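Asker: Sharing work-v4.txt (compact mmCIF, C-alpha atoms) below.
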```txt
# COMPACT_ATOMS: atom_id res chain seq x y z
CA VAL A 1 -55.97 -39.30 -12.66
CA LEU A 2 -52.84 -38.05 -10.90
CA PRO A 3 -49.43 -39.48 -11.77
CA PRO A 4 -48.10 -42.00 -9.19
CA LEU A 5 -45.31 -39.71 -7.97
CA GLU A 6 -47.65 -36.77 -7.41
CA ARG A 7 -50.15 -39.03 -5.53
CA PHE A 8 -47.33 -40.27 -3.31
CA LEU A 9 -46.07 -36.75 -2.54
CA ARG A 10 -49.57 -35.49 -1.78
CA LYS A 11 -50.27 -38.31 0.68
CA TRP A 12 -46.81 -37.99 2.28
CA PHE A 13 -47.07 -34.24 2.80
CA GLN A 14 -50.65 -34.62 4.04
CA ARG A 15 -49.60 -37.15 6.69
CA GLN A 16 -46.61 -34.95 7.60
CA GLY A 17 -48.80 -31.86 7.98
CA LEU A 18 -51.33 -33.70 10.14
CA TRP A 19 -48.59 -35.04 12.42
CA ILE A 20 -47.00 -31.59 12.80
CA ALA A 21 -50.37 -30.03 13.56
CA LYS A 22 -51.05 -32.63 16.27
CA HIS A 23 -47.54 -32.44 17.79
CA PRO A 24 -46.35 -28.79 17.51
CA TRP A 25 -43.96 -28.88 20.49
CA LYS A 26 -42.34 -32.12 19.40
CA THR A 27 -41.86 -30.59 15.97
CA ILE A 28 -40.22 -27.46 17.42
CA VAL A 29 -37.94 -29.46 19.74
CA LEU A 30 -36.87 -31.92 17.04
CA THR A 31 -36.23 -29.05 14.62
CA LEU A 32 -34.07 -27.18 17.15
CA VAL A 33 -32.11 -30.36 17.96
CA PHE A 34 -31.51 -31.04 14.26
CA VAL A 35 -30.37 -27.45 13.63
CA ALA A 36 -28.07 -27.56 16.67
CA VAL A 37 -26.45 -30.79 15.48
CA VAL A 38 -25.84 -29.67 11.90
CA THR A 39 -24.41 -26.30 13.00
CA THR A 40 -21.79 -27.73 15.40
CA GLY A 41 -19.33 -27.39 12.52
CA LEU A 42 -19.42 -23.61 13.04
CA LEU A 43 -17.32 -24.17 16.18
CA ARG A 44 -14.37 -24.78 13.85
CA PHE A 45 -15.40 -22.10 11.36
CA GLU A 46 -12.80 -19.42 10.60
CA VAL A 47 -13.04 -16.52 8.19
CA GLU A 48 -9.96 -16.51 5.96
CA THR A 49 -8.68 -12.97 5.48
CA ASP A 50 -5.12 -13.67 4.34
CA PRO A 51 -5.01 -12.47 0.69
CA GLU A 52 -2.29 -14.96 -0.18
CA ARG A 53 -4.30 -17.94 1.06
CA LEU A 54 -7.49 -16.62 -0.56
CA TRP A 55 -6.15 -16.00 -4.04
CA VAL A 56 -3.08 -18.22 -4.46
CA PRO A 57 -3.65 -21.99 -4.86
CA ASN A 58 -1.58 -24.14 -2.50
CA GLU A 59 -0.19 -26.18 -5.41
CA SER A 60 0.72 -23.19 -7.60
CA LYS A 61 4.24 -22.69 -8.88
CA SER A 62 4.33 -19.06 -7.73
CA LYS A 63 3.53 -20.09 -4.14
CA ALA A 64 6.30 -22.71 -4.16
CA GLU A 65 8.79 -20.22 -5.58
CA LYS A 66 7.84 -17.61 -2.97
CA GLU A 67 8.28 -20.12 -0.13
CA HIS A 68 11.72 -21.02 -1.52
CA PHE A 69 12.65 -17.33 -1.70
CA ASP A 70 11.48 -16.74 1.89
CA GLN A 71 13.52 -19.67 3.15
CA ALA A 72 16.65 -18.62 1.28
CA PHE A 73 16.57 -14.83 1.69
CA GLY A 74 13.93 -14.09 4.34
CA LYS A 75 10.44 -12.71 3.84
CA PHE A 76 9.94 -9.73 1.55
CA TYR A 77 9.55 -6.50 3.50
CA ARG A 78 6.17 -4.98 4.36
CA ILE A 79 5.19 -1.64 2.79
CA GLU A 80 3.52 1.40 4.37
CA GLN A 81 2.83 4.32 2.06
CA LEU A 82 1.86 7.99 2.11
CA ILE A 83 0.98 10.02 -0.99
CA LEU A 84 0.68 13.80 -0.69
CA SER A 85 -0.94 15.70 -3.56
CA ARG A 86 -2.93 18.84 -4.30
CA GLU A 87 -6.53 18.72 -3.16
CA GLU A 88 -7.92 19.95 -6.48
CA GLU A 89 -6.31 19.86 -9.88
CA GLY A 90 -6.77 23.02 -11.90
CA SER A 91 -6.90 25.42 -8.95
CA ASP A 92 -4.93 28.66 -8.65
CA ASP A 93 -2.44 26.86 -6.39
CA ASN A 94 -1.28 24.88 -9.43
CA LYS A 95 0.51 28.02 -10.67
CA VAL A 96 2.98 27.52 -7.82
CA PRO A 97 5.26 24.46 -8.14
CA PHE A 98 4.02 21.71 -5.86
CA VAL A 99 7.52 20.76 -4.75
CA ASN A 100 8.67 23.85 -2.87
CA ASP A 101 10.18 24.71 0.50
CA ASP A 102 6.83 24.83 2.30
CA THR A 103 5.76 21.43 0.99
CA VAL A 104 9.03 19.86 2.09
CA ARG A 105 8.65 21.44 5.53
CA LEU A 106 5.18 19.89 5.73
CA MET A 107 6.73 16.56 4.86
CA PHE A 108 9.22 16.99 7.72
CA ASP A 109 6.33 17.75 10.10
CA MET A 110 4.53 14.59 8.99
CA GLN A 111 7.69 12.55 9.27
CA ALA A 112 8.14 13.72 12.86
CA ILE A 113 4.68 12.35 13.73
CA VAL A 114 5.47 8.99 12.12
CA ASP A 115 8.82 8.85 13.92
CA ASN A 116 7.05 9.48 17.24
CA ILE A 117 4.63 6.56 16.86
CA SER A 118 5.34 4.21 19.77
CA VAL A 119 3.11 1.25 20.64
CA PRO A 120 3.76 -0.84 23.79
CA LEU A 121 4.01 -4.56 23.03
CA VAL A 122 2.29 -7.04 25.35
CA GLY A 123 4.79 -9.24 27.16
CA LYS A 124 7.79 -7.30 25.85
CA GLN A 125 9.85 -4.46 27.28
CA THR A 126 10.19 -2.67 23.94
CA ASN A 127 7.78 -0.52 21.93
CA ALA A 128 6.90 -0.78 18.28
CA THR A 129 8.47 2.25 16.59
CA LEU A 130 9.53 2.92 13.01
CA GLU A 131 13.18 2.81 14.05
CA ASN A 132 12.72 -0.63 15.63
CA ILE A 133 10.76 -2.31 12.85
CA CYS A 134 11.98 -0.64 9.64
CA PHE A 135 13.96 -2.47 6.99
CA LYS A 136 17.63 -1.44 7.25
CA PRO A 137 19.56 -2.29 4.08
CA PHE A 138 22.97 -2.18 5.75
CA GLY A 139 22.22 -4.05 8.95
CA PRO A 140 20.63 -3.35 12.34
CA ASP A 141 23.02 -0.48 13.09
CA GLY A 142 22.17 1.34 9.86
CA ASN A 143 19.38 3.74 8.93
CA CYS A 144 15.89 2.91 7.71
CA GLY A 145 15.52 2.35 3.98
CA THR A 146 12.65 4.85 3.73
CA GLN A 147 11.96 6.16 0.23
CA SER A 148 11.15 9.86 0.59
CA VAL A 149 12.05 13.24 -0.85
CA LEU A 150 13.50 14.00 2.58
CA GLN A 151 16.32 11.56 1.87
CA TYR A 152 18.00 14.20 -0.31
CA TRP A 153 18.77 15.89 3.03
CA GLN A 154 19.38 12.63 4.90
CA MET A 155 15.99 12.90 6.67
CA ASP A 156 17.45 15.78 8.70
CA ARG A 157 15.48 19.02 8.95
CA GLN A 158 18.45 21.15 9.93
CA THR A 159 20.38 19.99 6.87
CA PHE A 160 17.42 21.05 4.72
CA GLU A 161 17.05 24.45 6.41
CA ASP A 162 20.76 25.19 6.02
CA ALA A 163 20.62 24.32 2.32
CA ALA A 164 17.43 26.39 1.83
CA LYS A 165 18.98 29.41 3.53
CA LYS A 166 22.14 29.09 1.46
CA SER A 167 20.15 28.99 -1.81
CA SER A 168 17.29 31.33 -0.88
CA SER A 169 17.62 33.35 -4.11
CA ASP A 170 17.02 30.30 -6.33
CA PRO A 171 13.41 29.01 -6.31
CA PHE A 172 14.50 25.72 -7.92
CA TRP A 173 17.57 25.11 -5.75
CA MET A 174 16.33 21.61 -4.84
CA GLU A 175 16.50 20.52 -8.46
CA PHE A 176 20.28 20.09 -8.20
CA CYS A 177 19.95 16.95 -6.09
CA PHE A 178 16.96 15.71 -8.06
CA GLN A 179 19.10 15.78 -11.23
CA HIS A 180 22.41 14.63 -9.70
CA TRP A 181 21.04 11.99 -7.34
CA MET A 182 23.47 9.33 -8.57
CA THR A 183 26.69 11.33 -8.65
CA GLU A 184 26.67 13.85 -5.79
CA GLU A 185 27.35 12.27 -2.38
CA GLU A 186 25.71 15.20 -0.58
CA CYS A 187 22.44 14.13 -2.22
CA PHE A 188 22.66 10.51 -1.08
CA SER A 189 20.12 9.15 1.38
CA ALA A 190 20.62 8.66 5.11
CA PHE A 191 21.39 5.00 4.40
CA LYS A 192 24.10 6.09 1.94
CA ALA A 193 22.38 5.03 -1.27
CA PRO A 194 21.18 7.18 -4.20
CA MET A 195 17.44 8.01 -4.12
CA ASP A 196 15.85 7.73 -7.58
CA PRO A 197 13.45 10.71 -8.06
CA LYS A 198 11.01 8.45 -9.89
CA LEU A 199 10.40 6.65 -6.59
CA VAL A 200 9.42 9.73 -4.61
CA PHE A 201 7.77 12.06 -7.16
CA GLY A 202 4.54 11.51 -9.05
CA GLY A 203 2.40 13.18 -11.69
CA PHE A 204 5.21 14.36 -13.97
CA PRO A 205 4.78 13.83 -17.76
CA GLU A 206 5.88 10.34 -18.77
CA ASP A 207 6.64 11.23 -22.39
CA GLN A 208 9.08 13.97 -21.42
CA GLY A 209 12.74 13.09 -21.80
CA VAL A 210 14.27 15.27 -19.06
CA HIS A 211 12.09 16.03 -16.06
CA ASN A 212 12.10 19.14 -13.93
CA TYR A 213 10.80 17.40 -10.82
CA SER A 214 10.40 20.61 -8.81
CA GLU A 215 8.10 22.14 -11.41
CA ASP A 216 6.42 19.15 -13.08
CA SER A 217 5.59 16.87 -10.14
CA THR A 218 2.10 16.98 -8.62
CA SER A 219 2.56 14.53 -5.75
CA LEU A 220 5.12 13.24 -3.27
CA ILE A 221 5.35 9.58 -2.32
CA VAL A 222 6.76 8.17 0.90
CA VAL A 223 7.34 4.43 1.25
CA TYR A 224 8.29 2.92 4.60
CA LEU A 225 9.91 -0.49 4.24
CA VAL A 226 9.23 -2.69 7.29
CA ASP A 227 11.05 -5.86 8.30
CA ASN A 228 8.65 -8.78 7.75
CA SER A 229 10.48 -11.48 9.72
CA ASP A 230 8.43 -13.69 12.06
CA GLU A 231 10.04 -12.24 15.19
CA ASN A 232 9.15 -8.73 14.03
CA LEU A 233 5.57 -9.45 12.91
CA ASP A 234 3.74 -8.52 16.13
CA ALA A 235 5.56 -5.20 16.34
CA ALA A 236 4.92 -4.49 12.65
CA LEU A 237 1.18 -5.15 13.00
CA ALA A 238 0.96 -2.97 16.12
CA PHE A 239 2.81 -0.15 14.35
CA GLU A 240 0.60 -0.41 11.26
CA LYS A 241 -2.59 0.04 13.29
CA GLU A 242 -1.26 3.22 14.88
CA PHE A 243 0.17 4.37 11.54
CA ILE A 244 -3.28 4.10 9.92
CA ARG A 245 -4.87 5.92 12.87
CA ALA A 246 -2.34 8.77 12.56
CA ALA A 247 -2.77 8.95 8.77
CA GLN A 248 -6.56 9.07 9.05
CA GLY A 249 -6.42 11.73 11.73
CA GLU A 250 -3.55 14.10 12.38
CA LEU A 251 -1.65 13.65 9.11
CA SER A 252 -4.75 14.09 6.94
CA GLU A 253 -5.73 17.19 8.91
CA MET A 254 -2.27 18.68 8.39
CA ALA A 255 -2.56 18.11 4.64
CA ALA A 256 -6.09 19.56 4.50
CA ARG A 257 -4.96 22.77 6.23
CA GLN A 258 -2.49 23.27 3.37
CA LYS A 259 -5.19 22.50 0.75
CA MET A 260 -3.61 19.13 0.02
CA ARG A 261 -4.86 15.57 0.03
CA LEU A 262 -3.17 12.67 1.81
CA SER A 263 -3.67 9.11 0.61
CA PHE A 264 -2.22 6.18 2.51
CA SER A 265 -2.03 2.41 2.75
CA SER A 266 -0.35 -0.26 4.85
CA GLU A 267 0.60 -3.88 4.31
CA SER A 268 -2.37 -4.97 6.39
CA SER A 269 -4.87 -2.68 4.60
CA VAL A 270 -6.21 -5.42 2.31
CA GLN A 271 -6.53 -7.92 5.16
CA SER A 272 -8.21 -5.34 7.40
CA GLU A 273 -10.70 -4.51 4.64
CA LEU A 274 -11.46 -8.21 4.14
CA GLU A 275 -12.11 -8.60 7.86
CA ARG A 276 -14.36 -5.54 7.87
CA GLU A 277 -16.34 -6.74 4.86
CA SER A 278 -16.70 -10.24 6.31
CA ASN A 279 -18.06 -8.94 9.61
CA ALA A 280 -20.36 -6.48 7.82
CA ASP A 281 -21.81 -9.24 5.61
CA ALA A 282 -22.69 -11.40 8.62
CA GLY A 283 -25.27 -8.90 9.84
CA THR A 284 -26.76 -8.57 6.35
CA VAL A 285 -27.14 -12.35 6.01
CA LEU A 286 -28.78 -12.70 9.43
CA LEU A 287 -31.17 -9.85 8.67
CA SER A 288 -32.18 -11.36 5.34
CA PHE A 289 -32.89 -14.75 6.93
CA ALA A 290 -34.94 -13.08 9.68
CA ALA A 291 -36.96 -11.14 7.09
CA MET A 292 -37.53 -14.28 5.05
CA PHE A 293 -38.66 -16.22 8.14
CA ALA A 294 -41.08 -13.44 9.15
CA TYR A 295 -42.47 -13.27 5.61
CA MET A 296 -43.08 -17.02 5.44
CA THR A 297 -44.67 -17.00 8.89
CA VAL A 298 -47.13 -14.26 7.94
CA VAL A 299 -47.94 -15.62 4.49
CA LEU A 300 -48.31 -19.28 5.49
CA GLY A 301 -50.09 -18.36 8.72
CA GLY A 302 -52.79 -16.60 6.74
CA ILE A 303 -53.65 -19.67 4.61
CA ARG A 304 -56.84 -21.51 5.61
```
Please re-express this file's structure in structure tokens.

Answerer:
Amino acid sequence: VLPPLERFLRKWFQRQGLWIAKHPWKTIVLTLVFVAVVTTGLLRFEVETDPERLWVPNESKSKAEKEHFDQAFGKFYRIEQLILSREEEGSDDNKVPFVNDDTVRLMFDMQAIVDNISVPLVGKQTNATLENICFKPFGPDGNCGTQSVLQYWQMDRQTFEDAAKKSSSDPFWMEFCFQHWMTEEECFSAFKAPMDPKLVFGGFPEDQGVHNYSEDSTSLIVVYLVDNSDENLDAALAFEKEFIRAAQGELSEMAARQKMRLSFSSESSVQSELERESNADAGTVLLSFAAMFAYMTVVLGGIR
């Protein structure tokens, strides 16, 4: 004797199956109408790709403090970054100091490409360029607050070449500014501030008291600080897209020709990756549902 619940379910599913078998088109139409009604919410569906909204609760103390900071001092600047390093550690090239005249000249060549990025803005008569969107510590008439080894020569190639020619007999002539970055005005950046070597060199031993940056460093780091104000956001986003395109293409090729590796990132890199992953997952989900539907159709269709 079957339990009451099982008897009820058997009879209910039997009546349901008979009705569906007798009225296949009604079943299909009613099913499509039901699915259409319950999926109307997708019209308001949006994929959230803002890392701050994804990972920071609206009621958190850190979010409230950040909003207060933004209101009082303006939004924190955006960051674009390049990291130039040797392609392979342990190669014969490692016998030559990484920070030498040729490497700095390569950095000047790369900087020229970044400086020449110009993206037309829709509805505006100006273009998005590094000069227009960069963070300028001493006001709009000042220089960009870029953190780069090139700042020891005020981002000026001719200044570098003159200094290199003057000190051609000394292979470590650049070390003077790297060691006296706080005291010698000739070593100050283009925006008239000292440039800490620890911000632009990488790979040197951490446990070493006094660093010889020319000889010990294995990478160079460039950080572009970009104004993150609301009125500058469209230009910053347009610049970042072209910056990534240039880093993936021309800049990486320049580094590869010198047996070096270029790594890079932009403020929008995380958000762009989230958007890419979200769009990629949509196809996977649809394919899995289609495969499941086909499997059920074949398996159930074969039952007699």

Asker: Rank A:Gln154, A:Pro3, A:Asp170, A:Ile221 by their smallest atom-to-atom distance to Phe188 (chain A), using all atoms listed in the file, and report the top residue only.

Answerer: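 Distance minimum relative to Phe188 (chain A) lands on A:Gln154.
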
Asker: I need the residue nearest Phe191 (chain A) from this list: A:Ala164, A:Tyr152, A:Ala256, A:Cys144. Use all atoms listed in the file for the distance.

Answerer: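 Using all atoms listed in the file, the shortest distance to Phe191 (chain A) belongs to A:Cys144.
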
Asker: Per residue of region 19-136 of chain A within 9 Å of region 232-249 of chain A, what are the shortest atom pair and its distance in Å to one decimal, counting all atoms listed in the file, with rows by chain and residue number, as a Markdown table?

Answerer:
```
| residue | atom | partner | partner_atom | distance |
| --- | --- | --- | --- | --- |
| A:Arg78 | CA | A:Ala236 | CA | 8.4 |
| A:Glu80 | CA | A:Glu240 | CA | 7.7 |
| A:Leu82 | CA | A:Ala247 | CA | 8.2 |
| A:Ile113 | CA | A:Ala246 | CA | 8.0 |
| A:Val114 | CA | A:Phe243 | CA | 7.1 |
| A:Ile117 | CA | A:Glu242 | CA | 7.1 |
| A:Ser118 | CA | A:Phe239 | CA | 7.4 |
| A:Val119 | CA | A:Phe239 | CA | 6.5 |
| A:Pro120 | CA | A:Ala238 | CA | 8.4 |
| A:Leu121 | CA | A:Ala235 | CA | 6.9 |
| A:Asn127 | CA | A:Ala235 | CA | 7.6 |
| A:Ala128 | CA | A:Ala235 | CA | 5.0 |
| A:Thr129 | CA | A:Phe239 | CA | 6.5 |
| A:Leu130 | CA | A:Phe239 | CA | 7.5 |
| A:Asn132 | CA | A:Ala235 | CA | 8.5 |
| A:Ile133 | CA | A:Ala236 | CA | 6.2 |
| A:Cys134 | CA | A:Ala236 | CA | 8.6 |
```

Asker: Can you tell me how far CA of Arg157 (chain A) sits from CA of Asp216 (chain A), in Å to one decimal?

Answerer: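 CA of Arg157 (chain A) sits 23.8 Å away from CA of Asp216 (chain A).
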
Asker: Which distance in Å separates CA of Phe108 (chain A) and CA of Glu186 (chain A), to one decimal?

Answerer: 18.5 Å

Asker: For Asp196 (chain A), find every residue with an atom within 10 Å (counting all atoms listed in the file), except residues of its own chain fewer than 6 positions away, and show them as JSON, numbers by chain.

Answerer: {"A": [147, 148, 149, 152, 178, 179, 180, 181, 182, 188]}

Asker: In terms of the shortest atom-to-atom distance over only C-alpha atoms, which of A:Ala21, A:Ala64, A:Ala193, A:Met155 is closest to Met107 (chain A)?

Answerer: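 Residue with the minimum atom-to-atom distance to Met107 (chain A): A:Met155.
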
Asker: In Å, rounded to a single decimal, give me how far CA of Ser266 (chain A) is from CA of Phe45 (chain A).

Answerer: 27.3 Å

Asker: Find the residue from A:Thr297, A:Thr159, A:Thr103, A:Asn116 that sits nearest to Met260 (chain A); use all atoms listed in the file when measuring.

Answerer: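 Closest residue, counting all atoms listed in the file: A:Thr103.
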
Asker: Please tell me which residues are no farther than 10 Å from (10.4, 19.5, -11.4) in the file, counting all atoms listed in the file, and write them as a CSV table (one decimal) with C-alpha atoms, in the frame of the given file.

Answerer:
```csv
chain,number,residue,atom,x,y,z
A,97,PRO,CA,5.3,24.5,-8.1
A,98,PHE,CA,4.0,21.7,-5.9
A,99,VAL,CA,7.5,20.8,-4.8
A,100,ASN,CA,8.7,23.8,-2.9
A,172,PHE,CA,14.5,25.7,-7.9
A,174,MET,CA,16.3,21.6,-4.8
A,175,GLU,CA,16.5,20.5,-8.5
A,178,PHE,CA,17.0,15.7,-8.1
A,179,GLN,CA,19.1,15.8,-11.2
A,197,PRO,CA,13.4,10.7,-8.1
A,201,PHE,CA,7.8,12.1,-7.2
A,204,PHE,CA,5.2,14.4,-14.0
A,210,VAL,CA,14.3,15.3,-19.1
A,211,HIS,CA,12.1,16.0,-16.1
A,212,ASN,CA,12.1,19.1,-13.9
A,213,TYR,CA,10.8,17.4,-10.8
A,214,SER,CA,10.4,20.6,-8.8
A,215,GLU,CA,8.1,22.1,-11.4
A,216,ASP,CA,6.4,19.2,-13.1
A,217,SER,CA,5.6,16.9,-10.1
A,218,THR,CA,2.1,17.0,-8.6
```

Asker: Find, counting all atoms listed in the file, the residue in A:Tyr295, A:Tyr224, A:Val96, A:Glu275 that gets nearest to Ile83 (chain A).

Answerer: A:Tyr224

Asker: Quick one: residues within 12 Å of Glu52 (chain A), all atoms listed in the file counted, chain neighbours fewer than 5 positions away excluded, as a PyMOL selection string?

Answerer: chain A and resi 57-58+60+62-63+66-67+268+270-271

Asker: Using all atoms listed in the file, find the one residue out of A:Cys177, A:Leu5, A:Leu287, A:Leu262 that sits nearest to Glu250 (chain A).

Answerer: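 Selected residue with least distance to Glu250 (chain A): A:Leu262.
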
Asker: Taking all listed atoms of region 184-192 of chain A, build the axis-aligned box, pad each of the six sides by 8 Å, then write its centre and edge lengths in Å to one decimal as JSON.

Answerer:
```
{"center_x": 23.7, "center_y": 10.1, "center_z": -0.3, "size_x": 23.2, "size_y": 26.2, "size_z": 26.9}
```
